[in-house]
$ cat my_file-v9.txt   # compact mmCIF, C-alpha atoms
# COMPACT_ATOMS: atom_id res chain seq x y z
CA MET A 3 -37.45 -0.32 32.34
CA GLY A 4 -34.49 0.16 34.66
CA LEU A 5 -31.48 2.40 34.17
CA TYR A 6 -28.04 0.85 33.93
CA SER A 7 -24.66 2.42 34.46
CA PHE A 8 -21.91 0.86 32.39
CA SER A 9 -18.55 2.31 31.42
CA VAL A 10 -15.41 1.14 29.64
CA ASP A 11 -12.12 3.01 29.55
CA PRO A 12 -11.88 4.43 25.97
CA SER A 13 -8.13 3.81 25.91
CA LEU A 14 -8.82 0.09 26.29
CA LEU A 15 -11.05 0.19 23.21
CA ALA A 16 -8.26 1.93 21.26
CA THR A 17 -5.85 -0.82 22.30
CA PHE A 18 -8.42 -3.48 21.37
CA LEU A 19 -8.88 -2.00 17.87
CA THR A 20 -5.12 -1.74 17.28
CA VAL A 21 -4.47 -5.36 18.27
CA ALA A 22 -7.43 -6.58 16.21
CA ASP A 23 -6.13 -4.75 13.11
CA ALA A 24 -2.56 -5.93 13.65
CA GLY A 25 -3.52 -9.57 14.23
CA ARG A 26 -0.81 -9.98 16.86
CA VAL A 27 -0.36 -8.54 20.33
CA LEU A 28 3.31 -7.75 19.68
CA ALA A 29 2.51 -5.87 16.45
CA GLY A 30 -0.22 -3.94 18.24
CA ALA A 31 2.19 -3.08 21.04
CA ARG A 32 4.70 -1.72 18.53
CA ALA A 33 2.02 0.42 16.88
CA LEU A 34 1.03 1.80 20.28
CA ASN A 35 4.62 2.24 21.48
CA LEU A 36 3.88 0.04 24.49
CA SER A 37 5.39 -3.17 25.80
CA GLN A 38 3.71 -6.46 24.95
CA PRO A 39 2.92 -7.23 28.63
CA ALA A 40 1.27 -3.80 28.99
CA VAL A 41 -0.96 -4.40 25.98
CA THR A 42 -1.81 -7.93 27.14
CA ALA A 43 -2.79 -6.51 30.54
CA GLN A 44 -5.04 -3.90 28.90
CA ILE A 45 -6.81 -6.53 26.78
CA ARG A 46 -7.36 -8.72 29.83
CA ARG A 47 -8.69 -5.73 31.74
CA LEU A 48 -11.16 -4.96 28.94
CA GLU A 49 -12.27 -8.60 28.78
CA SER A 50 -12.76 -8.54 32.56
CA GLN A 51 -14.87 -5.37 32.39
CA LEU A 52 -17.04 -6.84 29.64
CA GLY A 53 -17.19 -10.33 31.14
CA THR A 54 -16.33 -12.06 27.89
CA THR A 55 -13.37 -13.25 25.82
CA LEU A 56 -12.56 -11.02 22.86
CA PHE A 57 -9.60 -12.81 21.27
CA LEU A 58 -8.65 -16.37 20.44
CA ARG A 59 -4.91 -16.85 20.86
CA SER A 60 -2.80 -19.16 18.68
CA ALA A 61 0.77 -19.49 17.45
CA ARG A 62 -0.20 -17.47 14.36
CA GLY A 63 -1.49 -14.54 16.39
CA VAL A 64 -4.92 -13.51 17.61
CA SER A 65 -8.37 -13.60 16.01
CA LEU A 66 -11.65 -12.16 17.18
CA THR A 67 -14.29 -14.24 18.94
CA PRO A 68 -17.95 -13.63 17.97
CA ALA A 69 -18.19 -11.18 20.89
CA GLY A 70 -14.96 -9.55 19.76
CA ARG A 71 -16.30 -9.07 16.23
CA ARG A 72 -19.44 -7.39 17.57
CA LEU A 73 -17.38 -5.09 19.77
CA TYR A 74 -14.98 -4.35 16.91
CA ASP A 75 -17.75 -3.18 14.58
CA SER A 76 -19.30 -0.96 17.27
CA ALA A 77 -15.96 0.44 18.43
CA ARG A 78 -14.97 1.27 14.86
CA ARG A 79 -18.21 3.20 14.33
CA VAL A 80 -17.73 5.13 17.55
CA HIS A 81 -14.10 5.88 16.69
CA ALA A 82 -15.02 7.11 13.18
CA LEU A 83 -17.82 9.28 14.60
CA LEU A 84 -15.43 10.85 17.10
CA GLU A 85 -12.87 11.55 14.38
CA ARG A 86 -15.48 13.23 12.19
CA SER A 87 -16.66 15.32 15.12
CA LEU A 88 -13.12 16.49 15.86
CA GLU A 89 -12.62 17.39 12.19
CA GLU A 90 -15.80 19.49 12.22
CA LEU A 91 -14.73 21.27 15.40
CA ALA A 92 -11.35 22.18 13.93
CA PRO A 93 -11.05 25.74 12.48
CA GLY A 94 -12.95 25.88 9.21
CA GLY A 95 -13.72 22.20 9.55
CA GLU A 96 -10.35 21.52 7.97
CA GLY A 97 -7.80 21.29 10.76
CA ALA A 98 -4.13 20.47 10.17
CA PRO A 99 -4.12 16.69 9.76
CA SER A 100 -1.07 14.54 10.26
CA LEU A 101 -1.02 11.96 7.47
CA GLN A 102 1.02 8.76 7.60
CA ILE A 103 1.09 6.63 4.47
CA ALA A 104 3.33 3.96 2.96
CA ALA A 105 3.77 3.29 -0.76
CA SER A 106 5.80 1.10 -3.04
CA THR A 107 8.57 2.86 -4.95
CA THR A 108 6.89 3.56 -8.30
CA ILE A 109 3.75 4.94 -6.65
CA ALA A 110 5.73 6.99 -4.12
CA GLY A 111 7.90 8.53 -6.81
CA HIS A 112 5.42 9.15 -9.60
CA VAL A 113 1.77 8.89 -8.49
CA LEU A 114 1.60 10.31 -4.98
CA PRO A 115 3.65 13.55 -5.15
CA PRO A 116 1.04 15.67 -7.00
CA LEU A 117 -1.75 14.22 -4.86
CA ILE A 118 0.07 14.96 -1.62
CA ALA A 119 0.95 18.47 -2.85
CA GLU A 120 -2.67 19.30 -3.66
CA PHE A 121 -3.93 17.74 -0.42
CA ALA A 122 -1.47 19.92 1.53
CA ARG A 123 -2.50 23.04 -0.39
CA ARG A 124 -6.13 22.45 0.49
CA ARG A 125 -5.27 21.82 4.14
CA PRO A 126 -2.65 24.36 5.21
CA GLY A 127 -0.37 23.04 7.91
CA ALA A 128 -0.98 19.40 7.01
CA ARG A 129 1.96 17.19 7.95
CA VAL A 130 2.77 14.17 5.78
CA ARG A 131 5.09 11.25 6.47
CA LEU A 132 5.56 8.94 3.50
CA SER A 133 7.31 5.60 4.04
CA VAL A 134 8.69 3.96 0.90
CA GLY A 135 9.43 0.27 0.37
CA ASN A 136 8.62 -2.60 -1.91
CA THR A 137 5.13 -4.06 -1.95
CA ASP A 138 5.79 -6.70 0.73
CA GLU A 139 7.29 -4.09 3.05
CA VAL A 140 4.34 -1.72 2.63
CA LEU A 141 1.82 -4.50 3.28
CA ASP A 142 3.71 -5.41 6.45
CA LEU A 143 3.65 -1.79 7.69
CA VAL A 144 -0.12 -1.58 7.25
CA ARG A 145 -0.69 -5.05 8.69
CA ARG A 146 1.32 -4.16 11.83
CA GLY A 147 -0.55 -0.90 12.26
CA ALA A 148 2.63 1.16 11.77
CA VAL A 149 0.76 3.22 9.14
CA PRO A 150 -3.02 3.43 8.62
CA LEU A 151 -2.98 2.92 4.85
CA GLY A 152 -0.68 2.14 1.95
CA LEU A 153 -0.54 1.95 -1.83
CA VAL A 154 0.94 -1.11 -3.50
CA GLU A 155 1.41 -2.79 -6.85
CA GLY A 156 1.39 -6.40 -7.93
CA HIS A 157 -1.01 -8.01 -5.44
CA GLY A 158 -4.71 -8.78 -5.68
CA ARG A 159 -5.02 -10.21 -2.16
CA ALA A 160 -3.18 -9.88 1.14
CA SER A 161 -3.84 -11.62 4.44
CA ARG A 162 -5.66 -9.57 7.09
CA LEU A 163 -5.90 -6.55 4.76
CA ARG A 164 -8.35 -5.13 2.23
CA LEU A 165 -6.88 -4.31 -1.19
CA GLU A 166 -8.97 -1.72 -3.02
CA PRO A 167 -8.33 -0.73 -6.69
CA PHE A 168 -7.12 2.82 -7.27
CA VAL A 169 -5.49 3.57 -10.65
CA ASP A 170 -4.29 1.52 -13.62
CA ASP A 171 -0.76 1.12 -14.91
CA GLU A 172 1.14 -0.60 -17.71
CA ILE A 173 4.63 -2.06 -17.45
CA VAL A 174 6.74 -1.91 -20.60
CA ALA A 175 10.04 -3.52 -21.52
CA CYS A 176 12.53 -0.74 -22.28
CA ARG A 177 16.06 -0.41 -23.65
CA GLY A 178 18.46 2.50 -23.79
CA ALA A 179 18.51 4.50 -27.02
CA ALA A 180 21.96 3.13 -28.00
CA PHE A 181 21.31 -0.45 -26.85
CA PRO A 182 20.67 -2.76 -29.85
CA ALA A 183 18.19 -5.12 -28.20
CA ARG A 184 15.24 -6.31 -30.24
CA ALA A 185 12.34 -8.52 -29.17
CA ARG A 186 9.22 -9.11 -31.21
CA ARG A 187 7.91 -11.91 -29.03
CA ALA A 188 8.41 -12.78 -25.36
CA ARG A 189 10.66 -15.73 -26.14
CA ASP A 190 13.11 -13.30 -27.81
CA LEU A 191 13.93 -12.01 -24.33
CA ALA A 192 15.64 -15.30 -23.42
CA GLY A 193 19.40 -14.85 -23.42
CA GLN A 194 19.28 -11.05 -23.45
CA PRO A 195 20.56 -9.11 -20.42
CA ILE A 196 17.63 -8.33 -18.12
CA LEU A 197 17.55 -5.70 -15.39
CA TRP A 198 15.55 -7.32 -12.61
CA ARG A 199 13.89 -5.95 -9.48
CA GLU A 200 14.54 -7.43 -6.04
CA GLN A 201 12.49 -10.23 -4.48
CA GLY A 202 9.35 -8.75 -2.90
CA SER A 203 8.92 -6.12 -5.61
CA GLY A 204 5.37 -5.81 -6.92
CA THR A 205 6.68 -4.98 -10.39
CA ARG A 206 8.77 -8.15 -10.46
CA ALA A 207 5.80 -10.29 -9.38
CA VAL A 208 3.57 -8.84 -12.11
CA VAL A 209 6.25 -9.25 -14.81
CA GLU A 210 6.94 -12.85 -13.80
CA ARG A 211 3.24 -13.73 -14.10
CA ALA A 212 2.96 -12.05 -17.50
CA LEU A 213 6.06 -13.84 -18.82
CA ARG A 214 4.72 -17.20 -17.64
CA ARG A 215 1.48 -16.54 -19.53
CA ALA A 216 3.60 -15.85 -22.62
CA GLY A 217 5.46 -19.15 -22.15
CA LEU A 218 8.70 -17.76 -20.70
CA ALA A 219 9.78 -18.76 -17.18
CA ALA A 220 11.90 -16.47 -15.03
CA ARG A 221 14.65 -19.11 -15.04
CA ASP A 222 14.92 -18.66 -18.82
CA LEU A 223 16.00 -15.04 -18.37
CA SER A 224 19.60 -13.93 -18.23
CA VAL A 225 19.61 -11.50 -15.33
CA ALA A 226 22.41 -8.98 -15.82
CA VAL A 227 21.84 -7.22 -12.52
CA GLU A 228 19.23 -7.11 -9.74
CA LEU A 229 18.34 -3.61 -8.57
CA GLY A 230 16.25 -2.33 -5.69
CA SER A 231 14.44 0.67 -7.17
CA THR A 232 12.69 2.03 -10.24
CA GLU A 233 15.25 4.83 -10.59
CA ALA A 234 18.10 2.33 -10.58
CA ILE A 235 16.44 0.27 -13.31
CA LYS A 236 15.84 3.41 -15.40
CA GLY A 237 19.44 4.51 -15.06
CA ALA A 238 20.83 1.08 -15.91
CA ALA A 239 18.57 0.74 -18.96
CA ALA A 240 19.46 4.23 -20.23
CA ALA A 241 23.16 3.35 -19.81
CA GLY A 242 22.73 0.28 -22.04
CA LEU A 243 23.18 -2.40 -19.38
CA GLY A 244 20.12 -4.36 -20.45
CA ILE A 245 16.34 -4.47 -20.78
CA GLY A 246 14.29 -3.16 -17.89
CA PHE A 247 10.59 -3.53 -17.10
CA LEU A 248 9.23 -0.14 -16.04
CA SER A 249 5.92 1.50 -15.25
CA ARG A 250 4.67 4.02 -17.80
CA TRP A 251 4.05 6.34 -14.86
CA SER A 252 7.80 6.39 -14.20
CA ILE A 253 9.23 6.87 -17.72
CA ARG A 254 7.14 9.65 -19.28
CA GLU A 255 10.08 12.04 -19.36
CA GLU A 256 12.59 9.45 -20.60
CA LEU A 257 10.29 8.39 -23.45
CA ALA A 258 9.65 12.00 -24.46
CA LEU A 259 13.38 12.76 -24.53
CA GLY A 260 14.27 9.51 -26.32
CA ARG A 261 16.49 8.23 -23.52
CA LEU A 262 14.48 5.02 -23.32
CA VAL A 263 12.82 3.10 -26.15
CA PRO A 264 9.91 0.70 -25.49
CA LEU A 265 10.10 -2.74 -27.04
CA GLU A 266 6.96 -3.65 -28.98
CA ILE A 267 6.47 -7.29 -27.94
CA ALA A 268 3.40 -8.70 -29.67
CA ASP A 269 2.49 -11.41 -27.14
CA LEU A 270 3.38 -9.56 -23.96
CA SER A 271 0.95 -7.13 -22.36
CA ILE A 272 1.65 -6.26 -18.73
CA ARG A 273 -1.13 -4.30 -17.11
CA ARG A 274 -1.82 -3.93 -13.43
CA THR A 275 -3.78 -1.90 -10.93
CA PHE A 276 -2.28 0.09 -8.11
CA ARG A 277 -4.25 -0.72 -4.97
CA TRP A 278 -4.92 0.77 -1.58
CA ALA A 279 -3.81 -1.47 1.27
CA LEU A 280 -6.33 -0.90 4.05
CA PRO A 281 -6.89 -2.41 7.50
CA SER A 282 -9.99 -4.51 8.01
CA GLY A 283 -11.75 -1.71 9.88
CA SER A 284 -12.72 1.74 8.68
CA LEU A 285 -10.22 4.57 8.23
CA SER A 286 -10.27 7.65 10.42
CA GLY A 287 -8.63 11.03 10.72
CA ALA A 288 -6.17 12.21 8.08
CA ALA A 289 -5.99 8.75 6.49
CA ARG A 290 -9.73 8.79 5.81
CA LEU A 291 -9.55 12.36 4.46
CA PHE A 292 -6.65 11.58 2.12
CA HIS A 293 -8.17 8.32 0.89
CA ARG A 294 -11.44 10.09 0.07
CA PHE A 295 -9.58 13.01 -1.55
CA CYS A 296 -7.59 10.68 -3.85
CA LEU A 297 -10.68 8.76 -4.93
CA GLU A 298 -12.40 12.04 -5.78
CA ARG A 299 -9.39 13.13 -7.88
CA SER A 300 -9.51 9.96 -9.97
CA GLU A 301 -12.24 8.96 -12.39
CA GLY A 302 -12.98 6.06 -10.07
CA PRO A 303 -11.27 3.00 -8.57
CA GLY A 304 -9.05 1.22 -11.05
CA ARG A 305 -9.04 4.11 -13.55
CA PRO A 306 -6.22 6.50 -14.51
CA LEU A 307 -5.66 9.98 -13.17
CA PRO A 308 -5.70 11.83 -16.51
CA VAL A 309 -4.77 15.16 -14.98
CA PHE A 310 -1.36 13.75 -14.02
CA LEU A 311 -0.67 11.56 -17.06
$ encode --input "my_file-v9.txt" --output "structure tokens"
Amino acid sequence: MGLYSFSVDPSLLATFLTVADAGRVLAGARALNLSQPAVTAQIRRLESQLGTTLFLRSARGVSLTPAGRRLYDSARRVHALLERSLEELAPGGEGAPSLQIAASTTIAGHVLPPLIAEFARRRPGARVRLSVGNTDEVLDLVRRGAVPLGLVEGHGRASRLRLEPFVDDEIVACRGAAFPARARRARDLAGQPILWREQGSGTRAVVERALRRAGLAARDLSVAVELGSTEAIKGAAAAGLGIGFLSRWSIREELALGRLVPLEIADLSIRRTFRWALPSGSLSGAARLFHRFCLERSEGPGRPLPVFL
């Protein structure tokens, strides 16, 4: 058996993985802080070194060839192994990870803070950057490779991403304590002032589906105002501007103090699961550590975090 010498520039593999995860050369270039021509040149150089085509190009972006898929799986394993080795070599095996994560507004405001705080306490010096947006915006950040993972609400599937269940939630229709609204069935909501989330909101998408199941279309609602955040909906509902649909995670204090009153609507149950938005490949570094930490803190995917409820 002969001996062969074969080498590939590791930076080219990193570029390859980023473009594969992003699905577009331009998105990969943005994630790498490089120009699109520079990234294209690196991919071509890697293909030349390997003597094979790794990507199929189309107007919709790039997709992996069979050779590209084989390289992707191997490169991901090597990358994950290197990350684990670096973690083990860090002082105490802990290191000071730099975590980047994106989350939709309800999750960012009411689910993640205690998790991030405990993660940081266990890993002194950990740096965290949390980007907040609606569900569509978070999915786009992960898809483009701008952040390695996200947490979203309202979607069961997303193109070029894996959505993995995390914790459960319930959305309830609420009114302010002095607002006289009553609704025993979903159809009673027609004609009443509704506080509505913006297009692209995961909460809005889930509520619209639940109302349709109850026989009430969104066009039958009288939208008093459209607001871009959970806090804005809470404030407007407490002020008596209308009925808002809010996550139970976000209104624990308001319910306890009597500022908001849930409407008991017999034929309307709005339950959902907050989900991890993950790239097609495996996580590495701080993202992998945080993802694993959060799963360990819960009772399991798709179940509540009782310690925080």
$ residues_near_point --input "my_file-v9.txt" --point "(4.8, -2.4, 20.6)" --cutoff "12 Å" --atoms "all atoms listed in the file" --output "ChimeraX atom specification"
/A:17,20-21,24,26-42,146-148
$ closest_residue --input "my_file-v9.txt" --among "A:Gly244, A:Ala179, A:Val209, A:Arg214" --to "Gln194 in chain A" --atoms "all atoms listed in the file"
A:Gly244
$ closest_atom_pairs --input "my_file-v9.txt" --of "range 142-206 of chain A" --to "range 110-132 of chain A" --cutoff "12 Å" --atoms "all atoms listed in the file" --output "Markdown table"
| residue | atom | partner | partner_atom | distance |
| --- | --- | --- | --- | --- |
| A:Leu143 | CA | A:Leu132 | CA | 11.7 |
| A:Ala148 | CA | A:Arg131 | CA | 11.7 |
| A:Val149 | CA | A:Leu132 | CA | 9.4 |
| A:Pro150 | CA | A:Leu132 | CA | 11.4 |
| A:Leu151 | CA | A:Leu132 | CA | 10.5 |
| A:Gly152 | CA | A:Leu132 | CA | 9.4 |
| A:Leu153 | CA | A:Ala110 | CA | 8.4 |
| A:Val154 | CA | A:Ala110 | CA | 9.4 |
| A:Glu155 | CA | A:Ala110 | CA | 11.0 |
| A:Phe168 | CA | A:Val113 | CA | 10.8 |
| A:Val169 | CA | A:Val113 | CA | 9.3 |
| A:Asp170 | CA | A:Val113 | CA | 10.8 |
| A:Asp171 | CA | A:Val113 | CA | 10.4 |
$ atom_distance --input "my_file-v9.txt" --atom1 "CA of Glu255 in chain A" --atom2 "CA of Ala226 in chain A"
24.6 Å
$ atom_distance --input "my_file-v9.txt" --atom1 "CA of Val80 in chain A" --atom2 "CA of Phe18 in chain A"
13.2 Å
$ closest_residue --input "my_file-v9.txt" --among "A:Ala16, A:Val225, A:Leu141, A:Ile173" --to "Ile253 in chain A" --atoms "only C-alpha atoms"
A:Ile173
$ residues_near_point --input "my_file-v9.txt" --point "(-4.7, 12.8, 7.1)" --cutoff "7 Å" --atoms "all atoms listed in the file" --output "PDB file with C-alpha atoms, in the frame of the given file"
ATOM      1  CA  PRO A  99      -4.120  16.690   9.760  1.00  0.00           C
ATOM      2  CA  SER A 100      -1.070  14.540  10.260  1.00  0.00           C
ATOM      3  CA  LEU A 101      -1.020  11.960   7.470  1.00  0.00           C
ATOM      4  CA  GLY A 287      -8.630  11.030  10.720  1.00  0.00           C
ATOM      5  CA  ALA A 288      -6.170  12.210   8.080  1.00  0.00           C
ATOM      6  CA  ALA A 289      -5.990   8.750   6.490  1.00  0.00           C
ATOM      7  CA  ARG A 290      -9.730   8.790   5.810  1.00  0.00           C
ATOM      8  CA  LEU A 291      -9.550  12.360   4.460  1.00  0.00           C
ATOM      9  CA  PHE A 292      -6.650  11.580   2.120  1.00  0.00           C
TER      10      PHE A 292
END
$ residues_around --input "my_file-v9.txt" --residues "Ala188 in chain A" --least-positions-apart "5" --cutoff "10 Å" --atoms "all atoms listed in the file" --output "PyMOL selection string"
chain A and resi 212-218+266-271
$ residues_around --input "my_file-v9.txt" --residues "range 202-207 of chain A" --least-positions-apart "5" --cutoff "6 Å" --atoms "all atoms listed in the file" --output "ChimeraX atom specification"
/A:136-138,155-156
$ write_last_selection --input "my_file-v9.txt" --atoms "C-alpha atoms" --output "CSV table (one decimal), in the coordinates of the input"
chain,number,residue,atom,x,y,z
A,136,ASN,CA,8.6,-2.6,-1.9
A,137,THR,CA,5.1,-4.1,-2.0
A,138,ASP,CA,5.8,-6.7,0.7
A,155,GLU,CA,1.4,-2.8,-6.8
A,156,GLY,CA,1.4,-6.4,-7.9
$ axis_aligned_box --input "my_file-v9.txt" --around "range 215-227 of chain A" --padding-each-side "6 Å" --output "lines of an AutoDock Vina configuration file"
center_x = 11.9
center_y = -13.2
center_z = -17.6
size_x = 32.9
size_y = 23.9
size_z = 22.1
$ atom_distance --input "my_file-v9.txt" --atom1 "CA of Ala258 in chain A" --atom2 "CA of Lys236 in chain A"
13.9 Å
$ closest_residue --input "my_file-v9.txt" --among "A:Ala180, A:Val263, A:Ala279, A:Leu297" --to "Glu139 in chain A" --atoms "all atoms listed in the file"
A:Ala279
$ residues_around --input "my_file-v9.txt" --residues "range 48-54 of chain A" --least-positions-apart "3" --cutoff "12 Å" --atoms "only C-alpha atoms" --output "list of chain:residue names"
A:Phe8, A:Ser9, A:Val10, A:Asp11, A:Pro12, A:Ser13, A:Leu14, A:Leu15, A:Ala16, A:Thr17, A:Phe18, A:Leu19, A:Val41, A:Thr42, A:Ala43, A:Gln44, A:Ile45, A:Phe57, A:Leu58, A:Leu66, A:Thr67, A:Pro68, A:Ala69, A:Gly70, A:Arg72, A:Leu73
$ closest_residue --input "my_file-v9.txt" --among "A:Leu243, A:Arg273, A:Gln102, A:Arg62" --to "Ala183 in chain A" --atoms "all atoms listed in the file"
A:Leu243
$ residues_around --input "my_file-v9.txt" --residues "Glu233 in chain A" --least-positions-apart "3" --cutoff "10 Å" --atoms "all atoms listed in the file" --output "ChimeraX atom specification"
/A:107-108,111,229-230,236-239,248,252-253
$ residues_around --input "my_file-v9.txt" --residues "range 157-167 of chain A" --least-positions-apart "5" --cutoff "7 Å" --atoms "all atoms listed in the file" --output "list in words"
Arg145, Gly204, Thr275, Phe276, Arg277, Trp278, Ala279, Leu280, Pro281, Ser282, Pro303 and Gly304 of chain A
$ build_atoms --input "my_file-v9.txt" --residues "range 58-70 of chain A" --atoms "N, CA and C atoms" --output "CSV table (one decimal), keeping the file's coordinate frame"
chain,number,residue,atom,x,y,z
A,58,LEU,N,-9.1,-15.0,20.4
A,58,LEU,CA,-8.6,-16.4,20.4
A,58,LEU,C,-7.2,-16.3,20.1
A,59,ARG,N,-6.4,-16.9,21.0
A,59,ARG,CA,-4.9,-16.8,20.9
A,59,ARG,C,-4.4,-18.1,20.2
A,60,SER,N,-3.4,-18.0,19.3
A,60,SER,CA,-2.8,-19.2,18.7
A,60,SER,C,-1.4,-18.8,18.3
A,61,ALA,N,-0.6,-19.8,17.8
A,61,ALA,CA,0.8,-19.5,17.4
A,61,ALA,C,0.9,-18.5,16.3
A,62,ARG,N,-0.2,-18.4,15.5
A,62,ARG,CA,-0.2,-17.5,14.4
A,62,ARG,C,-0.6,-16.1,14.7
A,63,GLY,N,-1.1,-15.9,16.0
A,63,GLY,CA,-1.5,-14.5,16.4
A,63,GLY,C,-2.8,-14.6,17.1
A,64,VAL,N,-3.6,-13.6,16.9
A,64,VAL,CA,-4.9,-13.5,17.6
A,64,VAL,C,-6.0,-13.3,16.6
A,65,SER,N,-7.2,-13.8,16.9
A,65,SER,CA,-8.4,-13.6,16.0
A,65,SER,C,-9.5,-13.3,16.9
A,66,LEU,N,-10.5,-12.6,16.4
A,66,LEU,CA,-11.6,-12.2,17.2
A,66,LEU,C,-12.6,-13.3,17.4
A,67,THR,N,-13.2,-13.4,18.6
A,67,THR,CA,-14.3,-14.2,18.9
A,67,THR,C,-15.6,-13.6,18.4
A,68,PRO,N,-16.7,-14.3,18.4
A,68,PRO,CA,-18.0,-13.6,18.0
A,68,PRO,C,-18.2,-12.4,18.8
A,69,ALA,N,-18.0,-12.4,20.1
A,69,ALA,CA,-18.2,-11.2,20.9
A,69,ALA,C,-17.2,-10.1,20.5
A,70,GLY,N,-16.0,-10.5,20.2
A,70,GLY,CA,-15.0,-9.6,19.8
A,70,GLY,C,-15.3,-8.9,18.5
